[in-house]
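Have a look at the structure below, then the notes.
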Amino acid sequence: MASQTTTLPQQRRMGVRIERRLEQPLWLRIATPFILIAAALLIGALLLGLVGANPWVVYNKMASIAFGSAHGWSDTTIKATPLILAGLGVSIAFRMRLWNIGAEGQLFIGAWVATGFALFWLPRDTPQALLLTVMAVGGFIGGALWAFVPGVLKARLNINEIITSLMLTYVAILWNNYWVYGPWSDRGFGLTPQFPRNAWLPRFTDYSSDFPFLRGITAHAGIFLALAVAVLLWFVWKRTKWGYEVKVIGDNPRAGQYAGMRLARKIIIVMLLSGGLAGLAGMAEVSGVVHRLQERFSPGYGFTAIIVAWLAKLNPLAIVPVAYLFGGLLVGSDAIQPAGIAKMLQGVVLFVVVGGELLLQYRIKVGRSASS
Amino acid sequence: MLGKPCSLTPLLPQCTVGFDLAIPTLLLTQIMTTSSYAVEMRGITKRFPGVLANDRIDFQVRKGEIHALLGENGAGKSTLMNILSGLYRPDEGEIAIHGQVVEFHSPRDAIRHGVGMVHQHFMLTPSQSVAENVFLGAREIGFVLNPQRMAAEVRRIAEQYRLPVDPNAKIWQLSVGEQQRVEIIKILYRGAEILILDEPTAVLTPQEAENLFVTLRSMAADNKTIIFISHKLEEVLSIADRITVLRSGRVAATLSAQSVTKTELANLMVGRQVLFQLEKPPVQRGEVRLRLDRVCALDDKLLPALREVSLTVHSGEIVGVAGVAGNGQRELAEVICGLRPLTSGTIEVAGERMAHLTARRMIDVGVAYVPEDRNTTGSAPNLSVAENLILKSYRKTEMGAGPFLDLAAVERTATSLVKTFNILTPSIKTPVRKLSGGNLQKVILAREISGQPQVLIAASPTRGLDIGATESVRSLLLQERSQGAAILLISEDLDEIFAISDRIVVLYEGRIMGEFETADAELTEVGLLMAGGRAPSASPGT
Amino acid sequence: MELAFLVTLLAAGIRSGTAILFATIGEIFAERSGVLNLGIEGMMLMGAVSAYGVAFATGNPWLGLGVAMAVGGLMALLHGMVTISLRADQVVSGLALTFLGSGLSAVLGAPLVEVRNAPRLPVFPIPVLADLPILGPIFFNHNVIVYLGLVMAPLAWWYIHRTRPGMELRAIGEYPAAADVLGINVNRQRYAYVVFGGVMAGLGGAALSLAITPLWIEDMTAGQGWIAVGLVIFASWDPLRAALGSYLFGAIRRLPLDSQNLPFFLAYPQLGYFMNMLPYLFVILLMLISARSEMRRRIGAPAALGQPYVREERGV
């Protein structure tokens, strides 16, 4: 009798047998995120070791800076705010398997429009509530319009939205540079003058005269906006026909079309909302944190948002804690040299999650397995 | 010859209703043993996650014979042949070719031993030429391609076996029949002595099928061994020397084609009595529900797919559209459902002329559609049974006011449809990709019929279903017909068309070639029109 | 005057488009085999930084070139493992690769930013031909790596369309099952072409840091890896069209640099920002053009692009 080794062809010689689990056991499903985080930290540590850093020290320092104190949490909240907003934006598009990876550019345009209203297009004495509302709506619309281009090209001509949204990101950054070095520049530096106080989003520290413990807590009202959008989006996915339509189209666009859903229109709307939220993130950043427009005011929020959205499995409520985790990573790595560490760790985490999650769906058996 | 005296033993428990006739013939053929088996498969077992596809199968084929492998969909025929052709590896069992025990790790190993397979879905790359497809994977042709020599070699084989085809044509330019010839040439070039054909006639007109049979017989006379997979009883009886029947992964019997009747075969195949005639009350034609007037449309490549198609469907009747795949059936269905724009012509539903045809509008006026591809069009595979059941009705206010979705209403609707239509699913929250083909089709039919449609378009509604599921789908269609729906049945399966339609139209290259009352229609005539021919000798597609 | 400007621009365009040409050709092979790799940007950056670092450390730019290719290949191998063997989503895995590459290259390259004098690949004017008027400066007076690009494009075309492995490559990207039944190991070939794509991206990165720019700056590719992905679509997976697109892109990228001394631009220095947008807008324009011609010529992506191949799945 011939010996029986049922293997995929490429594994044959090694005698390793890989099979997909039919059902994942419960313990594995619960353990998966923890295993993945541990694996990512481990690989990250290896890389850190390779580039000559002590991973233990680095991790420790990053964790204590980001989460070790009230100020740490405040800083982390500041970073998490645009990540939540842009992450939610990205997740809307990803739900429909539209790869809007141009959130960074949409964020820049949102910030640019908000700056226009804060400094130039409205009278100086505009009441704060009105001014902030106009800035937020303007930022949203700016980001939305920037995403409209890839959306319309995708919907009408089936042009790859990955490329177009990304190309427009570079254009947006150059556009921003033109204004901060040119017409809006403060004495030729790469930044605009500071916003008037009525264009600032309220911060916790602004209330420190009444509540002294808030002193120095510079996190701003943008976080509430972000949380509200997260909850709203959760409701939309769960309980509305529109959310249902996005889900169907995301799974099988042909089925959506067949059910009478208007695909092109939906693509455009989804891209508008996706870009709008990224634009809102830009508005919150300039109005809540930087208080002016400047070159490179975003450390790549729009890109990190992609990772956040994916790791949260596009679930709006899960985006919040994941954004906090990455906010912490950004805060922590600010204090670490060299500067690329945060980005590198993001790449590692995403890789480990993408590959590892699937890896855990397989059972690996080594050696010659007889039919059992 | 084998260790076991006779493979009857595992069979006996299955001898149930209407089975008694088959046993004597069985014994006869089993006792006859010949020394020259081309193929012997012994104790073959193959499991897939959750399915036992082949269960200790013993299967022998004599050299130079045409051996049919008969069974329902899901009986394990294709799996067994995929094992023989080296594509799958068995979990247990062994294979001997011409008496020599072999172990195939890949199709390349199989072809080295002279075993080649023509798959049901042709394994051809559409953008490459015939010659490139024939020589794909052939290392002996060297590093740099020599198109002239490749074409000459293809031509030589084509002439030797009377399989005419242009070596330089691109696959996408060929008719289905020609593509099949390319597949056969492909395995002949590799020196195949044992040819496996998986449901080769499923895509052919009756005339093309007859041509194929002539080729097969001459190859068998040439001492090539042919294994012919089918679920069609008539053609098996007409072409095969011997027949092996598979049922639920096991061998039900191996018999000589001369000594068996259609009924016996059917009973072996299904394990119970088969109804060949569904109960079909006489047609009660009502008013015209669907009228197409000189409709033209383009296909995905922007070439004309429908040419001035005019037809009507009345309330209470089933109109069958017969035709070989790719002659405009898909486009016809899509045009009526608003999924494909008209280039000219008009469509009326229930007397109202449809001005702008969108999918949403057609759903709203009561056109339901059971698409031919259940997985790629008819359902969202990762969504739940409930979510798939409301695909057409979610916009209605019963499913929630305004923009909101009423989850309780969704659940109620889904639960009641699952019950009414007897859909077997663990729960309404199960993703439909986990359902069997028959149950998925029931989900789709439940959804489409529950909207009480004016017009129902059903495209190949029973393709890939087992006999039980086929019967229930057909009786559902007949039931809808009694309720007064106008049904357009588009199918490549002529048996199906003849079984349940009241009228038949034939579609060829996007044209209606003829129209018959089913009672007056002749199978050969319909077949001839399907091939676009008028003269009986016309060879289709070439 | 104008002719001189045009010649300078075209020569610079060919030089400047070389890096992206390598990356684009590499991606054409990967995509033809059925695997989309959006990690080019990351692989190019890693190629650029490792080439520059190795050249500086050893004094040998050729060694730098080799290491860059190996690094690109290794990163692509990672993508291959995740997408071919584990069958993860190719888009997300590619994105992860880009993040990884740009982060890691920034970390590794931090000490190199100060280095200005790493050895470069040599410029080699081809005797006689380089002295031809117009054609000489455009085609024959270049860095050696530029000639490699000029040769590579037709060679890649010939391989895809005129050789047996090329025929198999076309088949596995279009209908892997058909290739598999004929004994072609689909996944092994996919690995090979994905790794080749990475090697080419690494080569492209090295061309930037050792010949074209030649320097190491963080994120020095400035989206060229992404542009390569766009050019593949514009090129309809054809290396010759890829060469056309790459050199055109190179010329447009050079436009703001070469034209900044023209009197018109001296008067409006702010125009530079808009000139710098041109390459990116150019890519969008190319995508528009290819969307139209794709419909007309009915040529699409390799049919199996983005889909992992699994044999032992239950048929019908």
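Order determines the names: the first chain of the structure tokens is A, the second B, and so forth; residues in each chain are numbered 1 upward, and ligands are numbered 1 upward as they are shown.
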
(Q) If we count only C-alpha atoms and set the cut-off at 12 Å, which residues sit around A:Trp99, ignoring sequence neighbours fewer than 3 positions away in its own chain? Please answer as a PyMOL selection string. (A) (chain A and resi 89-96+102-103+147+150-151+154+159-166+250+267+270-271+274-275+306+309-310) or (chain C and resi 38+90-92+95)

Q. Within 9 Å of stretch 9-16 of chain C, counting only C-alpha atoms, which residues qualify if same-chain residues fewer than 5 places away don't, as a ChimeraX atom specification?
A. /C:4,137-139,141-143,145-146,150,208,211-213,246-255,258-259

Q: Using only C-alpha atoms, find which residues of chain A lie within 6 Å of chain C and jot them down as a ChimeraX atom specification.
A: /A:163-164,167,171,174,178,338,340,343-344,347,350-351,355

For the selection just defined, write its residues with C-alpha atoms to a file, as a compact mmCIF listing (two decimals), in the first residue's frame.
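File result04.txt, as written:
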```txt
# COMPACT_ATOMS: atom_id res chain seq x y z
CA ILE A 163 -4.17 55.18 -6.45
CA THR A 164 -6.31 58.25 -6.94
CA MET A 167 -2.15 60.74 -5.33
CA VAL A 171 -1.45 67.08 -3.92
CA LEU A 174 1.62 70.46 -1.50
CA TYR A 178 1.70 76.58 -0.78
CA PRO A 338 14.91 57.73 16.10
CA GLY A 340 10.51 56.18 12.69
CA LYS A 343 5.69 53.90 12.07
CA MET A 344 7.75 50.74 12.07
CA GLY A 347 3.71 48.18 10.21
CA LEU A 350 -0.66 45.40 11.00
CA PHE A 351 1.38 42.62 9.45
CA GLY A 355 -1.14 37.25 8.75
```

Q | Residue contacts of B:Val418 (10 Å, only C-alpha atoms) excluding same-chain residues fewer than 4 positions away, as a PyMOL selection string | A | chain B and resi 385-386+389+413-414+422-425+427-428+439+442-443+446-447

For chain B versus chain C, which residues have an atom no more than 10 Å away, and what is each residue's nearest atom pair and distance in Å rounded to one decimal, using only C-alpha atoms, chain-then-number order, as JSON lines?
```
{"residue": "B:Phe48", "atom": "CA", "partner": "C:Arg314", "partner_atom": "CA", "distance": 7.2}
{"residue": "B:Pro49", "atom": "CA", "partner": "C:Arg314", "partner_atom": "CA", "distance": 9.0}
{"residue": "B:Val51", "atom": "CA", "partner": "C:Arg314", "partner_atom": "CA", "distance": 9.6}
{"residue": "B:Ala53", "atom": "CA", "partner": "C:Arg314", "partner_atom": "CA", "distance": 9.5}
{"residue": "B:Asn73", "atom": "CA", "partner": "C:Val316", "partner_atom": "CA", "distance": 8.3}
{"residue": "B:Gly74", "atom": "CA", "partner": "C:Val316", "partner_atom": "CA", "distance": 8.1}
{"residue": "B:Ser78", "atom": "CA", "partner": "C:Gly315", "partner_atom": "CA", "distance": 8.0}
{"residue": "B:Thr79", "atom": "CA", "partner": "C:Gly315", "partner_atom": "CA", "distance": 8.0}
{"residue": "B:Asn82", "atom": "CA", "partner": "C:Gly315", "partner_atom": "CA", "distance": 9.7}
{"residue": "B:Ser85", "atom": "CA", "partner": "C:Val181", "partner_atom": "CA", "distance": 8.6}
{"residue": "B:Gly86", "atom": "CA", "partner": "C:Val181", "partner_atom": "CA", "distance": 8.3}
{"residue": "B:Leu87", "atom": "CA", "partner": "C:Val181", "partner_atom": "CA", "distance": 6.7}
{"residue": "B:Tyr88", "atom": "CA", "partner": "C:Glu312", "partner_atom": "CA", "distance": 6.6}
{"residue": "B:Arg89", "atom": "CA", "partner": "C:Glu312", "partner_atom": "CA", "distance": 9.1}
{"residue": "B:His105", "atom": "CA", "partner": "C:Gly183", "partner_atom": "CA", "distance": 9.7}
{"residue": "B:Ser106", "atom": "CA", "partner": "C:Gly183", "partner_atom": "CA", "distance": 6.4}
{"residue": "B:Pro107", "atom": "CA", "partner": "C:Val181", "partner_atom": "CA", "distance": 5.2}
{"residue": "B:Arg108", "atom": "CA", "partner": "C:Gly183", "partner_atom": "CA", "distance": 4.5}
{"residue": "B:Asp109", "atom": "CA", "partner": "C:Gly183", "partner_atom": "CA", "distance": 8.0}
{"residue": "B:Ala110", "atom": "CA", "partner": "C:Gly183", "partner_atom": "CA", "distance": 9.6}
{"residue": "B:Ile111", "atom": "CA", "partner": "C:Leu182", "partner_atom": "CA", "distance": 8.5}
{"residue": "B:Gly116", "atom": "CA", "partner": "C:Val181", "partner_atom": "CA", "distance": 9.4}
{"residue": "B:Met117", "atom": "CA", "partner": "C:Val181", "partner_atom": "CA", "distance": 8.9}
{"residue": "B:His119", "atom": "CA", "partner": "C:Ala178", "partner_atom": "CA", "distance": 9.6}
{"residue": "B:Gln120", "atom": "CA", "partner": "C:Val316", "partner_atom": "CA", "distance": 9.6}
{"residue": "B:His121", "atom": "CA", "partner": "C:Val316", "partner_atom": "CA", "distance": 9.8}
{"residue": "B:Phe122", "atom": "CA", "partner": "C:Ala178", "partner_atom": "CA", "distance": 8.0}
{"residue": "B:Met123", "atom": "CA", "partner": "C:Ala178", "partner_atom": "CA", "distance": 4.3}
{"residue": "B:Leu124", "atom": "CA", "partner": "C:Ala178", "partner_atom": "CA", "distance": 5.9}
{"residue": "B:Thr125", "atom": "CA", "partner": "C:Tyr175", "partner_atom": "CA", "distance": 5.7}
{"residue": "B:Pro126", "atom": "CA", "partner": "C:Glu174", "partner_atom": "CA", "distance": 8.1}
{"residue": "B:Ser127", "atom": "CA", "partner": "C:Glu174", "partner_atom": "CA", "distance": 8.2}
{"residue": "B:Gln128", "atom": "CA", "partner": "C:Ala171", "partner_atom": "CA", "distance": 7.9}
{"residue": "B:Glu132", "atom": "CA", "partner": "C:Met167", "partner_atom": "CA", "distance": 7.3}
{"residue": "B:Asn133", "atom": "CA", "partner": "C:Ala171", "partner_atom": "CA", "distance": 8.6}
{"residue": "B:Val134", "atom": "CA", "partner": "C:Leu182", "partner_atom": "CA", "distance": 9.6}
{"residue": "B:Phe135", "atom": "CA", "partner": "C:Arg164", "partner_atom": "CA", "distance": 8.8}
{"residue": "B:Leu136", "atom": "CA", "partner": "C:Glu168", "partner_atom": "CA", "distance": 6.4}
{"residue": "B:Gly137", "atom": "CA", "partner": "C:Leu182", "partner_atom": "CA", "distance": 5.6}
{"residue": "B:Ala138", "atom": "CA", "partner": "C:Leu182", "partner_atom": "CA", "distance": 8.0}
{"residue": "B:Arg139", "atom": "CA", "partner": "C:Arg164", "partner_atom": "CA", "distance": 7.8}
{"residue": "B:Glu140", "atom": "CA", "partner": "C:Arg164", "partner_atom": "CA", "distance": 9.8}
{"residue": "B:Ile141", "atom": "CA", "partner": "C:Arg164", "partner_atom": "CA", "distance": 7.7}
{"residue": "B:Gly142", "atom": "CA", "partner": "C:Arg164", "partner_atom": "CA", "distance": 7.0}
{"residue": "B:Phe143", "atom": "CA", "partner": "C:Arg164", "partner_atom": "CA", "distance": 5.3}
{"residue": "B:Val144", "atom": "CA", "partner": "C:Thr163", "partner_atom": "CA", "distance": 4.3}
{"residue": "B:Leu145", "atom": "CA", "partner": "C:Thr163", "partner_atom": "CA", "distance": 5.0}
{"residue": "B:Asn146", "atom": "CA", "partner": "C:Arg162", "partner_atom": "CA", "distance": 8.2}
{"residue": "B:Pro147", "atom": "CA", "partner": "C:Arg162", "partner_atom": "CA", "distance": 9.0}
{"residue": "B:Lys186", "atom": "CA", "partner": "C:Leu182", "partner_atom": "CA", "distance": 9.4}
{"residue": "B:Ile187", "atom": "CA", "partner": "C:Leu182", "partner_atom": "CA", "distance": 9.2}
{"residue": "B:Arg190", "atom": "CA", "partner": "C:Leu182", "partner_atom": "CA", "distance": 9.6}
{"residue": "B:Asp300", "atom": "CA", "partner": "C:Arg298", "partner_atom": "CA", "distance": 9.3}
{"residue": "B:Lys301", "atom": "CA", "partner": "C:Arg298", "partner_atom": "CA", "distance": 6.6}
{"residue": "B:Leu302", "atom": "CA", "partner": "C:Met295", "partner_atom": "CA", "distance": 8.7}
{"residue": "B:Gly437", "atom": "CA", "partner": "C:Val316", "partner_atom": "CA", "distance": 9.0}
{"residue": "B:Gly464", "atom": "CA", "partner": "C:Val316", "partner_atom": "CA", "distance": 7.1}
{"residue": "B:Leu465", "atom": "CA", "partner": "C:Val316", "partner_atom": "CA", "distance": 9.8}
```

**Q.** Neighbour list for B:Glu352 as a list of chain:residue names, cut-off 12 Å, only C-alpha atoms, skip fewer than 5 positions in-chain
**A.**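 With the cut-off at 12 Å, the set is B:Val288, B:Arg289, B:Leu290, B:Arg291, B:Leu292, B:Thr346, B:Ile347, B:Met362, B:Val365, B:Gly366.
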
Produce a file of the selected residues containing N, CA, C and O atoms, as a PDB file, in the first residue's frame.
```
ATOM      1  N   VAL B 288     -51.519  39.229 -20.753  1.00  0.00           N
ATOM      2  CA  VAL B 288     -50.077  39.322 -20.973  1.00  0.00           C
ATOM      3  C   VAL B 288     -49.453  40.109 -19.829  1.00  0.00           C
ATOM      4  O   VAL B 288     -49.864  41.224 -19.529  1.00  0.00           O
ATOM      5  N   ARG B 289     -48.492  39.493 -19.178  1.00  0.00           N
ATOM      6  CA  ARG B 289     -47.841  40.177 -18.062  1.00  0.00           C
ATOM      7  C   ARG B 289     -46.510  40.790 -18.477  1.00  0.00           C
ATOM      8  O   ARG B 289     -46.062  41.776 -17.927  1.00  0.00           O
ATOM      9  N   LEU B 290     -45.835  40.122 -19.404  1.00  0.00           N
ATOM     10  CA  LEU B 290     -44.515  40.596 -19.822  1.00  0.00           C
ATOM     11  C   LEU B 290     -44.478  40.598 -21.341  1.00  0.00           C
ATOM     12  O   LEU B 290     -44.839  39.603 -21.972  1.00  0.00           O
ATOM     13  N   ARG B 291     -44.110  41.741 -21.906  1.00  0.00           N
ATOM     14  CA  ARG B 291     -44.006  41.800 -23.361  1.00  0.00           C
ATOM     15  C   ARG B 291     -42.690  42.474 -23.740  1.00  0.00           C
ATOM     16  O   ARG B 291     -42.411  43.593 -23.284  1.00  0.00           O
ATOM     17  N   LEU B 292     -41.898  41.783 -24.527  1.00  0.00           N
ATOM     18  CA  LEU B 292     -40.676  42.382 -25.057  1.00  0.00           C
ATOM     19  C   LEU B 292     -40.903  42.648 -26.530  1.00  0.00           C
ATOM     20  O   LEU B 292     -41.400  41.771 -27.244  1.00  0.00           O
ATOM     21  N   THR B 346     -38.658  47.854 -26.552  1.00  0.00           N
ATOM     22  CA  THR B 346     -39.418  48.241 -25.368  1.00  0.00           C
ATOM     23  C   THR B 346     -39.783  47.010 -24.547  1.00  0.00           C
ATOM     24  O   THR B 346     -39.856  45.895 -25.059  1.00  0.00           O
ATOM     25  N   ILE B 347     -40.008  47.263 -23.275  1.00  0.00           N
ATOM     26  CA  ILE B 347     -40.457  46.208 -22.372  1.00  0.00           C
ATOM     27  C   ILE B 347     -41.710  46.702 -21.666  1.00  0.00           C
ATOM     28  O   ILE B 347     -41.762  47.838 -21.201  1.00  0.00           O
ATOM     29  N   MET B 362     -37.883  47.836 -11.599  1.00  0.00           N
ATOM     30  CA  MET B 362     -38.438  46.548 -12.003  1.00  0.00           C
ATOM     31  C   MET B 362     -38.851  45.720 -10.789  1.00  0.00           C
ATOM     32  O   MET B 362     -39.840  45.000 -10.821  1.00  0.00           O
ATOM     33  N   VAL B 365     -42.233  47.075  -9.699  1.00  0.00           N
ATOM     34  CA  VAL B 365     -43.418  46.698 -10.471  1.00  0.00           C
ATOM     35  C   VAL B 365     -43.658  45.186 -10.421  1.00  0.00           C
ATOM     36  O   VAL B 365     -44.578  44.697 -11.060  1.00  0.00           O
ATOM     37  N   GLY B 366     -42.845  44.468  -9.667  1.00  0.00           N
ATOM     38  CA  GLY B 366     -43.157  43.062  -9.437  1.00  0.00           C
ATOM     39  C   GLY B 366     -42.451  42.073 -10.346  1.00  0.00           C
ATOM     40  O   GLY B 366     -42.983  41.019 -10.651  1.00  0.00           O
TER      41      GLY B 366
END
```

**Q.** Within 12 Å of A:Leu122 using only C-alpha atoms, minus same-chain residues under 2 positions, as a PyMOL selection string
**A.** chain A and resi 113-120+124-128+130-132+134-135+196+198-199

So that each row is one residue of chain A with an atom at most 6 Å from chain B, can you give its shortest atom pair and the distance in Å to one decimal, using only C-alpha atoms, rows by chain and rising number, as JSON lines?
```
{"residue": "A:Arg239", "atom": "CA", "partner": "B:Leu405", "partner_atom": "CA", "distance": 5.0}
{"residue": "A:Thr240", "atom": "CA", "partner": "B:Phe404", "partner_atom": "CA", "distance": 4.1}
{"residue": "A:Lys241", "atom": "CA", "partner": "B:Leu405", "partner_atom": "CA", "distance": 5.2}
{"residue": "A:Asp251", "atom": "CA", "partner": "B:Ala380", "partner_atom": "CA", "distance": 5.8}
{"residue": "A:Asn252", "atom": "CA", "partner": "B:Ala380", "partner_atom": "CA", "distance": 5.3}
{"residue": "A:Arg254", "atom": "CA", "partner": "B:Thr377", "partner_atom": "CA", "distance": 5.3}
{"residue": "A:Ala255", "atom": "CA", "partner": "B:Thr377", "partner_atom": "CA", "distance": 4.7}
{"residue": "A:Ala259", "atom": "CA", "partner": "B:Lys392", "partner_atom": "CA", "distance": 5.4}
{"residue": "A:Gly260", "atom": "CA", "partner": "B:Arg360", "partner_atom": "CA", "distance": 4.0}
```

Residue neighbourhood B:Gly99, 12 Å, only C-alpha atoms, exclusion window fewer than 2 positions, as a short mmCIF file (atom, residue, chain, number, x, y, z; two decimals) with N, CA, C and O atoms, in the first residue's frame:
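As a result, result30.cif now contains:
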```
data_model
loop_
_atom_site.label_atom_id
_atom_site.label_comp_id
_atom_site.auth_asym_id
_atom_site.auth_seq_id
_atom_site.Cartn_x
_atom_site.Cartn_y
_atom_site.Cartn_z
N MET B 1 -9.73 -11.74 -8.70
CA MET B 1 -8.85 -10.64 -9.07
C MET B 1 -8.58 -9.73 -7.88
O MET B 1 -7.46 -9.37 -7.59
N LEU B 2 -9.63 -9.38 -7.17
CA LEU B 2 -9.46 -8.51 -6.02
C LEU B 2 -9.56 -9.31 -4.74
O LEU B 2 -9.98 -10.45 -4.73
N THR B 34 -12.42 -9.59 -16.15
CA THR B 34 -11.53 -9.56 -17.31
C THR B 34 -10.14 -9.25 -16.78
O THR B 34 -9.97 -8.64 -15.75
N SER B 35 -9.17 -9.65 -17.52
CA SER B 35 -7.81 -9.45 -17.04
C SER B 35 -7.30 -8.04 -17.37
O SER B 35 -6.47 -7.51 -16.67
N SER B 36 -7.84 -7.42 -18.43
CA SER B 36 -7.22 -6.20 -18.92
C SER B 36 -7.94 -4.94 -18.42
O SER B 36 -8.63 -4.27 -19.17
N TYR B 37 -7.83 -4.63 -17.16
CA TYR B 37 -8.37 -3.38 -16.66
C TYR B 37 -7.39 -2.25 -16.94
O TYR B 37 -6.20 -2.35 -16.62
N ALA B 38 -7.87 -1.18 -17.49
CA ALA B 38 -7.02 0.00 -17.66
C ALA B 38 -6.90 0.74 -16.33
O ALA B 38 -5.84 1.25 -15.98
N VAL B 39 -8.00 0.80 -15.61
CA VAL B 39 -8.02 1.53 -14.35
C VAL B 39 -8.62 0.65 -13.27
O VAL B 39 -9.66 0.02 -13.49
N GLU B 40 -7.96 0.57 -12.14
CA GLU B 40 -8.57 -0.05 -10.97
C GLU B 40 -8.38 0.89 -9.80
O GLU B 40 -7.25 1.25 -9.46
N MET B 41 -9.47 1.28 -9.21
CA MET B 41 -9.38 2.09 -8.00
C MET B 41 -9.96 1.23 -6.89
O MET B 41 -11.04 0.68 -7.02
N ARG B 42 -9.21 1.10 -5.79
CA ARG B 42 -9.65 0.19 -4.73
C ARG B 42 -9.74 0.92 -3.40
O ARG B 42 -8.80 1.56 -2.96
N GLN B 60 -13.57 -0.17 -11.53
CA GLN B 60 -12.68 -0.72 -12.55
C GLN B 60 -13.16 -0.33 -13.94
O GLN B 60 -14.35 -0.36 -14.22
N VAL B 61 -12.22 -0.02 -14.78
CA VAL B 61 -12.54 0.29 -16.17
C VAL B 61 -11.69 -0.57 -17.07
O VAL B 61 -10.48 -0.68 -16.88
N ARG B 62 -12.34 -1.17 -18.07
CA ARG B 62 -11.59 -2.04 -18.99
C ARG B 62 -10.95 -1.21 -20.08
O ARG B 62 -11.45 -0.15 -20.46
N LYS B 63 -9.88 -1.75 -20.59
CA LYS B 63 -9.19 -1.06 -21.68
C LYS B 63 -10.09 -1.00 -22.91
O LYS B 63 -10.74 -1.99 -23.25
N GLU B 94 -6.08 2.74 -3.10
CA GLU B 94 -5.00 2.77 -4.06
C GLU B 94 -5.53 2.71 -5.49
O GLU B 94 -6.67 2.34 -5.74
N ILE B 95 -4.65 3.11 -6.39
CA ILE B 95 -5.02 3.18 -7.81
C ILE B 95 -4.02 2.34 -8.59
O ILE B 95 -2.82 2.39 -8.32
N ALA B 96 -4.55 1.54 -9.53
CA ALA B 96 -3.64 0.84 -10.43
C ALA B 96 -4.01 1.22 -11.86
O ALA B 96 -5.18 1.28 -12.21
N ILE B 97 -3.00 1.51 -12.63
CA ILE B 97 -3.20 1.81 -14.05
C ILE B 97 -2.55 0.68 -14.84
O ILE B 97 -1.36 0.40 -14.64
N VAL B 101 0.40 -0.44 -9.70
CA VAL B 101 -0.04 0.48 -8.65
C VAL B 101 0.72 1.79 -8.77
O VAL B 101 1.93 1.81 -8.93
N VAL B 102 -0.03 2.87 -8.73
CA VAL B 102 0.60 4.18 -8.92
C VAL B 102 0.18 5.10 -7.79
O VAL B 102 -0.79 4.87 -7.10
N HIS B 113 1.12 8.83 -16.70
CA HIS B 113 0.62 7.47 -16.80
C HIS B 113 -0.54 7.36 -17.80
O HIS B 113 -1.28 6.39 -17.78
#
```

Q.
I need the strand (DSSP E) residues of stretch 15-189 of chain C per DSSP on the backbone, written as a list in words.
A. Val123, Phe124, Pro125, Asn141, His142 and Asn143 of chain C

Written file, previous selection with C-alpha atoms, as a PDB file, in the first residue's frame:
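Result saved to part_9.pdb:
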```pdb
ATOM      1  CA  VAL C 123      28.024  57.550 -15.144  1.00  0.00           C
ATOM      2  CA  PHE C 124      29.106  55.940 -18.390  1.00  0.00           C
ATOM      3  CA  PRO C 125      28.756  57.810 -21.683  1.00  0.00           C
ATOM      4  CA  ASN C 141      25.069  59.703 -21.661  1.00  0.00           C
ATOM      5  CA  HIS C 142      23.756  58.219 -18.466  1.00  0.00           C
ATOM      6  CA  ASN C 143      24.401  56.402 -15.283  1.00  0.00           C
TER       7      ASN C 143
END
```

(Q) Report as a VMD selection string all protein, DNA and RNA residues lying within 8 Å of A:Arg156, evaluated on only C-alpha atoms, omitting residues in the same chain fewer than 3 positions from it. (A) chain A and resid 152 to 153 264

Q: Mind the document's chain letters and residue numbers, and return as a PyMOL selection string the residues of stretch 142-364 of chain B that DSSP labels helix (DSSP H, G or I).
A: chain B and resi 147-160+171-173+176-189+206-221+233-239+257-259+262-270+329-336+359-364
